[in-house]
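Listing of model-v4.csv; format and content: CSV, C-alpha atoms.
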```csv
chain,number,residue,atom,x,y,z
A,1,MET,CA,3.7,-19.4,-9.0
A,2,THR,CA,6.9,-18.5,-10.9
A,3,THR,CA,8.9,-15.4,-11.3
A,4,SER,CA,9.2,-15.6,-15.1
A,5,ASP,CA,6.7,-12.8,-15.8
A,6,PRO,CA,5.9,-10.9,-12.5
A,7,THR,CA,3.4,-8.6,-14.1
A,8,THR,CA,1.1,-11.6,-14.9
A,9,GLU,CA,2.0,-14.0,-12.1
A,10,ARG,CA,1.7,-11.7,-9.1
A,11,ARG,CA,-1.9,-10.5,-9.4
A,12,VAL,CA,-4.4,-12.5,-7.5
A,13,PRO,CA,-7.4,-12.4,-9.9
A,14,LEU,CA,-10.5,-11.5,-7.9
A,15,GLY,CA,-13.8,-10.2,-9.1
A,16,GLY,CA,-14.2,-7.7,-6.2
A,17,ALA,CA,-10.7,-6.4,-5.8
A,18,SER,CA,-8.8,-5.6,-8.9
A,19,ASN,CA,-5.5,-4.6,-7.2
A,20,PHE,CA,-4.9,-7.6,-5.0
A,21,ARG,CA,-1.3,-8.9,-5.5
A,22,ASP,CA,1.6,-10.8,-4.2
A,23,LEU,CA,4.8,-9.0,-3.4
A,24,GLY,CA,6.9,-12.2,-4.0
A,25,GLY,CA,9.6,-12.7,-6.6
A,26,TYR,CA,11.4,-9.4,-6.4
A,27,GLU,CA,15.2,-9.6,-6.2
A,28,ALA,CA,17.0,-7.8,-3.3
A,29,ARG,CA,20.5,-6.3,-3.6
A,30,ASP,CA,22.0,-9.4,-1.9
A,31,GLY,CA,20.7,-11.7,-4.6
A,32,ARG,CA,17.9,-13.2,-2.5
A,33,ARG,CA,14.3,-13.0,-3.6
A,34,VAL,CA,11.1,-12.0,-1.8
A,35,ARG,CA,9.2,-15.1,-0.9
A,36,TRP,CA,5.9,-15.8,-2.6
A,37,ARG,CA,2.7,-16.1,-0.5
A,38,ARG,CA,4.1,-14.2,2.5
A,39,LEU,CA,3.1,-10.6,1.8
A,40,TYR,CA,0.1,-9.2,-0.1
A,41,ARG,CA,-1.1,-5.7,-1.0
A,42,SER,CA,-4.6,-4.8,-2.1
A,43,SER,CA,-7.4,-2.4,-2.8
A,44,SER,CA,-10.6,-2.4,-0.7
A,45,LEU,CA,-12.0,-5.8,0.3
A,46,ALA,CA,-15.5,-4.6,0.6
A,47,ALA,CA,-16.7,-6.0,-2.7
A,48,LEU,CA,-15.2,-9.5,-2.5
A,49,THR,CA,-17.6,-12.1,-4.0
A,50,ASP,CA,-18.3,-15.4,-2.5
A,51,ASP,CA,-15.9,-17.0,-5.0
A,52,ASP,CA,-13.3,-14.4,-4.1
A,53,LEU,CA,-13.6,-15.3,-0.4
A,54,LEU,CA,-12.9,-19.0,-1.2
A,55,GLN,CA,-9.8,-18.0,-3.2
A,56,VAL,CA,-8.6,-15.6,-0.4
A,57,SER,CA,-9.1,-18.3,2.2
A,58,ARG,CA,-6.7,-20.6,0.3
A,59,LEU,CA,-3.9,-18.0,0.8
A,60,SER,CA,-4.1,-18.7,4.6
A,61,ILE,CA,-3.7,-15.0,5.5
A,62,ARG,CA,-3.2,-14.6,9.2
A,63,THR,CA,-3.2,-10.8,9.5
A,64,VAL,CA,-4.9,-8.0,7.6
A,65,CYS,CA,-3.7,-4.4,8.2
A,66,ASP,CA,-6.4,-2.0,7.1
A,67,LEU,CA,-5.0,1.5,6.4
A,68,ARG,CA,-8.3,3.1,5.8
A,69,ARG,CA,-9.7,5.8,8.1
A,70,ASP,CA,-12.6,5.0,10.4
A,71,GLU,CA,-15.3,6.5,8.2
A,72,GLU,CA,-14.0,4.5,5.2
A,73,ARG,CA,-14.3,1.3,7.1
A,74,ASP,CA,-17.8,2.2,8.3
A,75,GLU,CA,-19.0,3.0,4.8
A,76,GLU,CA,-17.5,0.0,3.2
A,77,PRO,CA,-16.9,-2.9,5.6
A,78,SER,CA,-14.4,-5.5,4.5
A,79,ARG,CA,-15.6,-9.0,3.5
A,80,LEU,CA,-13.2,-11.6,4.8
A,81,PRO,CA,-13.2,-15.4,5.1
A,82,GLN,CA,-15.1,-16.6,8.2
A,83,ASN,CA,-13.3,-19.9,8.6
A,84,ASP,CA,-9.9,-19.3,10.1
A,85,ALA,CA,-10.6,-15.6,9.8
A,86,PRO,CA,-7.5,-13.4,9.8
A,87,ARG,CA,-6.9,-10.9,12.5
A,88,VAL,CA,-7.7,-7.4,11.4
A,89,VAL,CA,-5.5,-4.6,12.6
A,90,HIS,CA,-6.8,-1.0,12.1
A,91,LEU,CA,-4.0,1.4,11.2
A,92,PRO,CA,-5.8,4.5,9.9
A,93,VAL,CA,-3.6,6.7,7.6
A,94,GLY,CA,-4.5,10.0,6.0
A,95,PRO,CA,-6.4,13.2,6.8
A,96,LYS,CA,-10.2,13.2,7.3
A,97,ARG,CA,-12.1,14.2,4.3
A,98,GLU,CA,-13.0,17.6,5.7
A,99,GLU,CA,-9.3,18.2,6.3
A,100,SER,CA,-8.1,17.1,2.9
A,101,LYS,CA,-6.9,19.6,0.3
A,102,ILE,CA,-8.1,17.2,-2.4
A,103,TYR,CA,-11.6,17.2,-1.2
A,104,GLU,CA,-11.5,20.9,-0.5
A,105,HIS,CA,-10.4,21.6,-4.1
A,106,LEU,CA,-13.1,19.3,-5.5
A,107,ALA,CA,-15.8,20.7,-3.2
A,108,ASP,CA,-14.9,24.3,-4.1
A,109,GLY,CA,-14.7,23.5,-7.8
A,110,ASP,CA,-11.3,25.0,-8.1
A,111,ALA,CA,-9.4,21.8,-8.7
A,112,THR,CA,-6.7,22.0,-11.4
A,113,PRO,CA,-4.2,19.4,-12.4
A,114,ALA,CA,-1.4,21.5,-10.9
A,115,ALA,CA,-3.2,21.9,-7.6
A,116,MET,CA,-4.1,18.2,-7.4
A,117,TYR,CA,-0.5,17.3,-8.2
A,118,GLU,CA,0.9,19.4,-5.3
A,119,ALA,CA,-1.8,18.1,-3.0
A,120,MET,CA,-0.7,14.5,-3.8
A,121,ILE,CA,2.9,15.4,-3.2
A,122,GLU,CA,2.1,16.7,0.2
A,123,ILE,CA,-0.1,13.7,1.1
A,124,TYR,CA,2.8,11.3,0.3
A,125,ARG,CA,5.2,13.4,2.4
A,126,ALA,CA,2.7,13.2,5.2
A,127,PHE,CA,2.5,9.4,4.9
A,128,ALA,CA,6.3,9.2,5.6
A,129,LEU,CA,6.4,11.8,8.4
A,130,ASP,CA,3.0,12.2,10.0
A,131,PHE,CA,1.9,8.6,10.2
A,132,MET,CA,5.0,6.9,11.5
A,133,PRO,CA,3.3,5.1,14.4
A,134,GLN,CA,0.9,3.3,12.0
A,135,TYR,CA,3.7,2.3,9.6
A,136,THR,CA,5.9,1.2,12.5
A,137,GLU,CA,3.1,-1.1,13.7
A,138,LEU,CA,2.8,-2.6,10.2
A,139,VAL,CA,6.5,-3.2,9.8
A,140,ARG,CA,6.7,-4.8,13.3
A,141,ARG,CA,3.9,-7.2,12.4
A,142,VAL,CA,5.6,-8.2,9.2
A,143,ALA,CA,8.7,-8.9,11.2
A,144,ARG,CA,6.9,-11.5,13.3
A,145,SER,CA,6.3,-14.9,11.7
A,146,GLU,CA,3.1,-15.5,13.6
A,147,HIS,CA,1.5,-12.6,11.6
A,148,LEU,CA,2.5,-14.1,8.2
A,149,PRO,CA,1.1,-14.3,5.6
A,150,LEU,CA,0.0,-10.7,5.9
A,151,LEU,CA,-2.1,-8.5,3.7
A,152,PHE,CA,-2.2,-4.7,3.9
A,153,HIS,CA,-4.7,-2.5,2.0
A,154,CYS,CA,-6.5,0.8,1.7
A,155,THR,CA,-9.2,1.8,-0.7
A,156,ALA,CA,-7.5,1.9,-4.1
A,157,GLY,CA,-4.4,0.0,-3.0
A,158,LYS,CA,-2.4,2.8,-4.5
A,159,ASP,CA,-1.3,5.5,-2.1
A,160,ARG,CA,-1.3,4.4,1.5
A,161,THR,CA,-0.7,0.9,0.4
A,162,GLY,CA,1.9,2.0,-2.2
A,163,PHE,CA,4.0,3.7,0.5
A,164,ALA,CA,3.6,0.6,2.8
A,165,ALA,CA,4.9,-1.7,0.1
A,166,ALA,CA,7.8,0.6,-0.7
A,167,LEU,CA,8.7,0.9,3.0
A,168,VAL,CA,8.9,-2.9,3.5
A,169,LEU,CA,10.7,-3.6,0.2
A,170,GLU,CA,13.2,-0.8,0.9
A,171,ALA,CA,13.8,-2.2,4.4
A,172,ILE,CA,14.7,-5.6,3.1
A,173,GLY,CA,17.0,-4.3,0.4
A,174,VAL,CA,14.9,-4.4,-2.8
A,175,PRO,CA,16.3,-1.7,-5.3
A,176,ARG,CA,14.4,1.5,-5.6
A,177,THR,CA,13.9,1.0,-9.3
A,178,THR,CA,12.1,-2.3,-8.6
A,179,ILE,CA,10.0,-0.6,-5.9
A,180,LEU,CA,8.9,2.1,-8.3
A,181,ALA,CA,8.0,-0.5,-10.9
A,182,ASP,CA,5.8,-2.4,-8.3
A,183,TYR,CA,4.2,0.9,-7.4
A,184,GLU,CA,3.3,1.6,-11.0
A,185,LEU,CA,1.6,-1.8,-11.5
A,186,THR,CA,-1.5,-0.2,-9.9
A,187,ASN,CA,-1.9,1.6,-13.2
A,188,ASP,CA,-2.3,-1.8,-15.0
A,189,TYR,CA,-4.4,-3.5,-12.3
A,190,TRP,CA,-6.7,-1.1,-10.5
A,191,SER,CA,-10.0,-0.8,-12.3
A,192,ARG,CA,-10.6,2.8,-11.1
A,193,ASP,CA,-14.3,2.1,-10.8
A,194,ILE,CA,-14.8,4.9,-8.3
A,195,THR,CA,-15.6,7.8,-10.5
A,196,GLU,CA,-19.1,8.0,-9.1
A,197,ARG,CA,-17.4,9.3,-5.9
A,198,TYR,CA,-15.7,12.0,-7.8
A,199,PRO,CA,-18.3,13.5,-10.1
A,200,ARG,CA,-16.1,16.6,-10.5
A,201,LEU,CA,-13.3,14.6,-12.2
A,202,LYS,CA,-14.7,15.3,-15.6
A,203,SER,CA,-11.3,16.4,-16.9
A,204,PRO,CA,-9.0,13.6,-18.1
A,205,GLU,CA,-6.1,15.5,-16.7
A,206,LEU,CA,-7.7,15.8,-13.2
A,207,PHE,CA,-8.6,12.1,-13.3
A,208,HIS,CA,-5.1,11.1,-14.3
A,209,THR,CA,-3.4,13.3,-11.7
A,210,LEU,CA,-5.5,12.0,-8.8
A,211,LEU,CA,-6.0,8.4,-9.7
A,212,SER,CA,-2.8,7.4,-11.3
A,213,ALA,CA,0.2,5.9,-9.5
A,214,ASN,CA,2.8,8.6,-10.4
A,215,PRO,CA,6.3,7.8,-9.3
A,216,ASP,CA,6.8,11.5,-8.4
A,217,TYR,CA,4.4,10.9,-5.5
A,218,LEU,CA,6.3,8.0,-4.0
A,219,LEU,CA,9.7,9.8,-4.6
A,220,ALA,CA,8.3,12.7,-2.7
A,221,ALA,CA,7.8,10.5,0.4
A,222,PHE,CA,11.4,9.3,0.1
A,223,SER,CA,12.6,12.9,-0.3
A,224,ALA,CA,10.7,13.9,2.9
A,225,ILE,CA,12.5,11.0,4.7
A,226,GLU,CA,15.9,12.2,3.4
A,227,GLU,CA,15.2,15.8,4.4
A,228,ARG,CA,14.4,15.0,8.0
A,229,PHE,CA,16.7,12.0,8.5
A,230,SER,CA,20.2,11.4,7.1
A,231,ASP,CA,19.1,8.4,5.1
A,232,PHE,CA,16.5,5.6,5.0
A,233,ASP,CA,18.4,3.5,7.6
A,234,ALA,CA,18.2,6.4,10.0
A,235,TYR,CA,14.4,6.8,9.2
A,236,LEU,CA,13.9,3.1,10.1
A,237,SER,CA,16.0,3.2,13.3
A,238,GLU,CA,15.2,6.8,14.6
A,239,GLY,CA,11.8,7.6,13.0
A,240,LEU,CA,10.1,4.2,13.0
A,241,GLU,CA,12.3,2.9,15.9
A,242,ILE,CA,12.8,-0.5,14.1
A,243,THR,CA,15.6,-2.3,15.8
A,244,PRO,CA,18.4,-4.1,14.0
A,245,ASP,CA,17.0,-7.4,15.2
A,246,GLU,CA,13.5,-6.5,13.8
A,247,ARG,CA,15.1,-5.6,10.5
A,248,GLU,CA,17.0,-8.8,10.3
A,249,ARG,CA,13.8,-10.8,11.1
A,250,LEU,CA,12.1,-8.9,8.2
A,251,ARG,CA,14.8,-10.2,5.9
A,252,ASP,CA,14.7,-13.7,7.3
A,253,HIS,CA,10.9,-14.0,7.0
A,254,LEU,CA,10.6,-12.4,3.6
A,255,LEU,CA,13.7,-13.4,1.6
A,256,ASP,CA,14.8,-16.7,0.2
```
Would you mind writing the file's structure down as structure tokens?
Amino acid sequence: MTTSDPTTERRVPLGGASNFRDLGGYEARDGRRVRWRRLYRSSSLAALTDDDLLQVSRLSIRTVCDLRRDEERDEEPSRLPQNDAPRVVHLPVGPKREESKIYEHLADGDATPAAMYEAMIEIYRAFALDFMPQYTELVRRVARSEHLPLLFHCTAGKDRTGFAAALVLEAIGVPRTTILADYELTNDYWSRDITERYPRLKSPELFHTLLSANPDYLLAAFSAIEERFSDFDAYLSEGLEITPDERERLRDHLLD
């Protein structure tokens, strides 16, 4: 695997998970690069084919952090290799459906692009501030070599997973512009084959607002961090309670 063309090299081509990709190859501010085959991000693993399972098994993933809520996991259980099966860690992020403004708007039939945009902004702010214990646990596992290679995922591999990727990459010194570019790759990779779950998304504008990886959403999470904490370093140390030693281990394990 090379770094010559990250947009084509980093995707792991699977029939049942369109947004499964390697976070390797990105350059950090100190000139080092993220190691390949250490950290993966993905959409749901529920539809992996038998051929997919063989390919995933070759990645030797030790830990899978599932960011989906309990009801999501119950509805669509993950398919994972059985031989040398990875350890699965449940770190549920996000409000329950009945508590989500997005589902409320869709159910009431009053969803507009503007309302959905604001709902997505608030969701990303909540990722950063309301689900710190879950993201702390994920970062701490990435910082321990016995958990690597590690994969984290949600349903689309876009929102909860997008913030998780941004969090880890920011912690090891990858520039924000690179982080945003990685986030937007979901728009190229994810097949968005879930429209049957959202029959009210008949408007192209609604579809785009809810299902696209909009940099505004991720930037809203960073803004929430900066509003509550002095900067990202304070968020790591005071909010997530990541120690300097843990952060140094992150760099050592993930950067060449």
Next item on the list: Taking the point (3.2, -17.1, 0.7) as given in the file, collect each protein or nucleic acid residue that comes within 12 Å of it, counting only C-alpha atoms, and present the set as a count of residues only.
Entry: 30
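When all atoms listed in the file are used to compute distances to Val139 in chain A, the closest of the residues A:Arg249, A:Tyr217, A:Asp51, A:Leu185 turns out to be A:Arg249.
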Next item on the list: Would you please work out which residue, of A:Phe222, A:Phe207, A:Tyr26, A:Trp190, is nearest to Ile121 in chain A when using all atoms listed in the file?
Entry: A:Phe222
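Considering only C-alpha atoms, the residue among A:Thr178, A:Thr186, A:Ser100, A:Thr136 positioned nearest to Asp159 in chain A is A:Thr186.
Atom to atom, CA of Gly239 in chain A and CA of Arg33 in chain A stand 26.6 Å apart.
With distances restricted to only C-alpha atoms, A:Glu170 is the closest residue to Tyr235 in chain A from A:Glu170, A:Asp110, A:Glu184, A:Asp74.
Counting from CA of Arg79 in chain A, the distance to CA of Lys96 in chain A is 23.2 Å.
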Taking only N, CA and C atoms, show range 100-143 of chain A of the given structure as an mmCIF file, in the first residue's frame.
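Final output, saved to decode.cif:
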```
data_model
loop_
_atom_site.group_PDB
_atom_site.id
_atom_site.type_symbol
_atom_site.label_atom_id
_atom_site.label_comp_id
_atom_site.auth_asym_id
_atom_site.auth_seq_id
_atom_site.Cartn_x
_atom_site.Cartn_y
_atom_site.Cartn_z
ATOM 1 N N SER A 100 -34.287 12.051 19.018
ATOM 2 C CA SER A 100 -33.537 12.747 17.980
ATOM 3 C C SER A 100 -34.407 13.764 17.252
ATOM 4 N N LYS A 101 -33.877 14.976 17.089
ATOM 5 C CA LYS A 101 -34.605 16.003 16.358
ATOM 6 C C LYS A 101 -34.758 15.617 14.885
ATOM 7 N N ILE A 102 -33.799 14.890 14.368
ATOM 8 C CA ILE A 102 -33.882 14.476 12.970
ATOM 9 C C ILE A 102 -35.078 13.563 12.760
ATOM 10 N N TYR A 103 -35.188 12.538 13.597
ATOM 11 C CA TYR A 103 -36.326 11.626 13.468
ATOM 12 C C TYR A 103 -37.641 12.344 13.775
ATOM 13 N N GLU A 104 -37.594 13.299 14.696
ATOM 14 C CA GLU A 104 -38.800 14.062 15.030
ATOM 15 C C GLU A 104 -39.272 14.857 13.822
ATOM 16 N N HIS A 105 -38.341 15.533 13.142
ATOM 17 C CA HIS A 105 -38.700 16.297 11.953
ATOM 18 C C HIS A 105 -39.246 15.389 10.856
ATOM 19 N N LEU A 106 -38.590 14.244 10.663
ATOM 20 C CA LEU A 106 -39.029 13.331 9.608
ATOM 21 C C LEU A 106 -40.400 12.746 9.926
ATOM 22 N N ALA A 107 -40.602 12.390 11.197
ATOM 23 C CA ALA A 107 -41.882 11.796 11.587
ATOM 24 C C ALA A 107 -43.019 12.803 11.475
ATOM 25 N N ASP A 108 -42.741 14.061 11.816
ATOM 26 C CA ASP A 108 -43.787 15.087 11.786
ATOM 27 C C ASP A 108 -44.024 15.643 10.387
ATOM 28 N N GLY A 109 -43.124 15.311 9.471
ATOM 29 C CA GLY A 109 -43.280 15.803 8.111
ATOM 30 C C GLY A 109 -42.921 17.259 7.935
ATOM 31 N N ASP A 110 -42.213 17.841 8.918
ATOM 32 C CA ASP A 110 -41.860 19.259 8.807
ATOM 33 C C ASP A 110 -40.364 19.461 8.566
ATOM 34 N N ALA A 111 -39.717 18.429 8.036
ATOM 35 C CA ALA A 111 -38.288 18.525 7.785
ATOM 36 C C ALA A 111 -38.015 19.478 6.628
ATOM 37 N N THR A 112 -37.120 20.413 6.854
ATOM 38 C CA THR A 112 -36.641 21.311 5.816
ATOM 39 C C THR A 112 -35.119 21.233 5.799
ATOM 40 N N PRO A 113 -34.479 21.592 4.695
ATOM 41 C CA PRO A 113 -33.015 21.584 4.695
ATOM 42 C C PRO A 113 -32.415 22.420 5.825
ATOM 43 N N ALA A 114 -32.997 23.571 6.107
ATOM 44 C CA ALA A 114 -32.471 24.433 7.173
ATOM 45 C C ALA A 114 -32.597 23.774 8.537
ATOM 46 N N ALA A 115 -33.748 23.146 8.798
ATOM 47 C CA ALA A 115 -33.958 22.474 10.083
ATOM 48 C C ALA A 115 -33.018 21.282 10.238
ATOM 49 N N MET A 116 -32.830 20.535 9.168
ATOM 50 C CA MET A 116 -31.944 19.376 9.223
ATOM 51 C C MET A 116 -30.489 19.798 9.399
ATOM 52 N N TYR A 117 -30.117 20.894 8.748
ATOM 53 C CA TYR A 117 -28.752 21.418 8.896
ATOM 54 C C TYR A 117 -28.484 21.777 10.352
ATOM 55 N N GLU A 118 -29.404 22.507 10.978
ATOM 56 C CA GLU A 118 -29.224 22.898 12.371
ATOM 57 C C GLU A 118 -29.208 21.678 13.289
ATOM 58 N N ALA A 119 -30.034 20.678 12.968
ATOM 59 C CA ALA A 119 -30.042 19.458 13.776
ATOM 60 C C ALA A 119 -28.698 18.737 13.682
ATOM 61 N N MET A 120 -28.120 18.693 12.485
ATOM 62 C CA MET A 120 -26.818 18.045 12.321
ATOM 63 C C MET A 120 -25.722 18.810 13.070
ATOM 64 N N ILE A 121 -25.785 20.132 13.029
ATOM 65 C CA ILE A 121 -24.808 20.940 13.767
ATOM 66 C C ILE A 121 -24.872 20.609 15.254
ATOM 67 N N GLU A 122 -26.077 20.528 15.806
ATOM 68 C CA GLU A 122 -26.229 20.229 17.226
ATOM 69 C C GLU A 122 -25.773 18.811 17.556
ATOM 70 N N ILE A 123 -26.013 17.885 16.657
ATOM 71 C CA ILE A 123 -25.564 16.509 16.884
ATOM 72 C C ILE A 123 -24.037 16.453 16.992
ATOM 73 N N TYR A 124 -23.354 17.143 16.118
ATOM 74 C CA TYR A 124 -21.882 17.118 16.156
ATOM 75 C C TYR A 124 -21.344 17.808 17.400
ATOM 76 N N ARG A 125 -21.986 18.858 17.815
ATOM 77 C CA ARG A 125 -21.574 19.493 19.069
ATOM 78 C C ARG A 125 -21.753 18.533 20.237
ATOM 79 N N ALA A 126 -22.825 17.751 20.176
ATOM 80 C CA ALA A 126 -23.076 16.765 21.230
ATOM 81 C C ALA A 126 -22.031 15.660 21.217
ATOM 82 N N PHE A 127 -21.588 15.238 20.026
ATOM 83 C CA PHE A 127 -20.530 14.236 19.966
ATOM 84 C C PHE A 127 -19.349 14.676 20.837
ATOM 85 N N ALA A 128 -18.948 15.933 20.644
ATOM 86 C CA ALA A 128 -17.745 16.427 21.310
ATOM 87 C C ALA A 128 -17.917 16.598 22.811
ATOM 88 N N LEU A 129 -19.124 16.988 23.252
ATOM 89 C CA LEU A 129 -19.303 17.375 24.650
ATOM 90 C C LEU A 129 -20.127 16.400 25.485
ATOM 91 N N ASP A 130 -21.083 15.716 24.879
ATOM 92 C CA ASP A 130 -21.988 14.861 25.647
ATOM 93 C C ASP A 130 -21.569 13.401 25.668
ATOM 94 N N PHE A 131 -20.633 13.033 24.820
ATOM 95 C CA PHE A 131 -20.232 11.632 24.736
ATOM 96 C C PHE A 131 -18.731 11.479 24.954
ATOM 97 N N MET A 132 -18.196 12.335 25.817
ATOM 98 C CA MET A 132 -16.767 12.277 26.100
ATOM 99 C C MET A 132 -16.319 10.934 26.679
ATOM 100 N N PRO A 133 -17.078 10.282 27.566
ATOM 101 C CA PRO A 133 -16.611 8.989 28.087
ATOM 102 C C PRO A 133 -16.390 7.948 26.994
ATOM 103 N N GLN A 134 -17.286 7.914 26.005
ATOM 104 C CA GLN A 134 -17.138 6.944 24.921
ATOM 105 C C GLN A 134 -15.895 7.241 24.086
ATOM 106 N N TYR A 135 -15.700 8.490 23.755
ATOM 107 C CA TYR A 135 -14.542 8.833 22.932
ATOM 108 C C TYR A 135 -13.234 8.725 23.729
ATOM 109 N N THR A 136 -13.294 8.969 25.021
ATOM 110 C CA THR A 136 -12.122 8.740 25.859
ATOM 111 C C THR A 136 -11.700 7.283 25.799
ATOM 112 N N GLU A 137 -12.669 6.396 25.936
ATOM 113 C CA GLU A 137 -12.366 4.961 25.908
ATOM 114 C C GLU A 137 -11.769 4.561 24.564
ATOM 115 N N LEU A 138 -12.301 5.096 23.481
ATOM 116 C CA LEU A 138 -11.753 4.774 22.162
ATOM 117 C C LEU A 138 -10.301 5.237 22.053
ATOM 118 N N VAL A 139 -10.030 6.485 22.442
ATOM 119 C CA VAL A 139 -8.668 7.010 22.344
ATOM 120 C C VAL A 139 -7.717 6.199 23.204
ATOM 121 N N ARG A 140 -8.152 5.816 24.391
ATOM 122 C CA ARG A 140 -7.273 5.051 25.273
ATOM 123 C C ARG A 140 -6.945 3.677 24.707
ATOM 124 N N ARG A 141 -7.884 3.087 24.004
ATOM 125 C CA ARG A 141 -7.599 1.798 23.382
ATOM 126 C C ARG A 141 -6.638 1.953 22.206
ATOM 127 N N VAL A 142 -6.801 3.020 21.441
ATOM 128 C CA VAL A 142 -5.865 3.257 20.345
ATOM 129 C C VAL A 142 -4.458 3.478 20.884
ATOM 130 N N ALA A 143 -4.356 4.029 22.091
ATOM 131 C CA ALA A 143 -3.045 4.319 22.680
ATOM 132 C C ALA A 143 -2.341 3.085 23.239
#
```
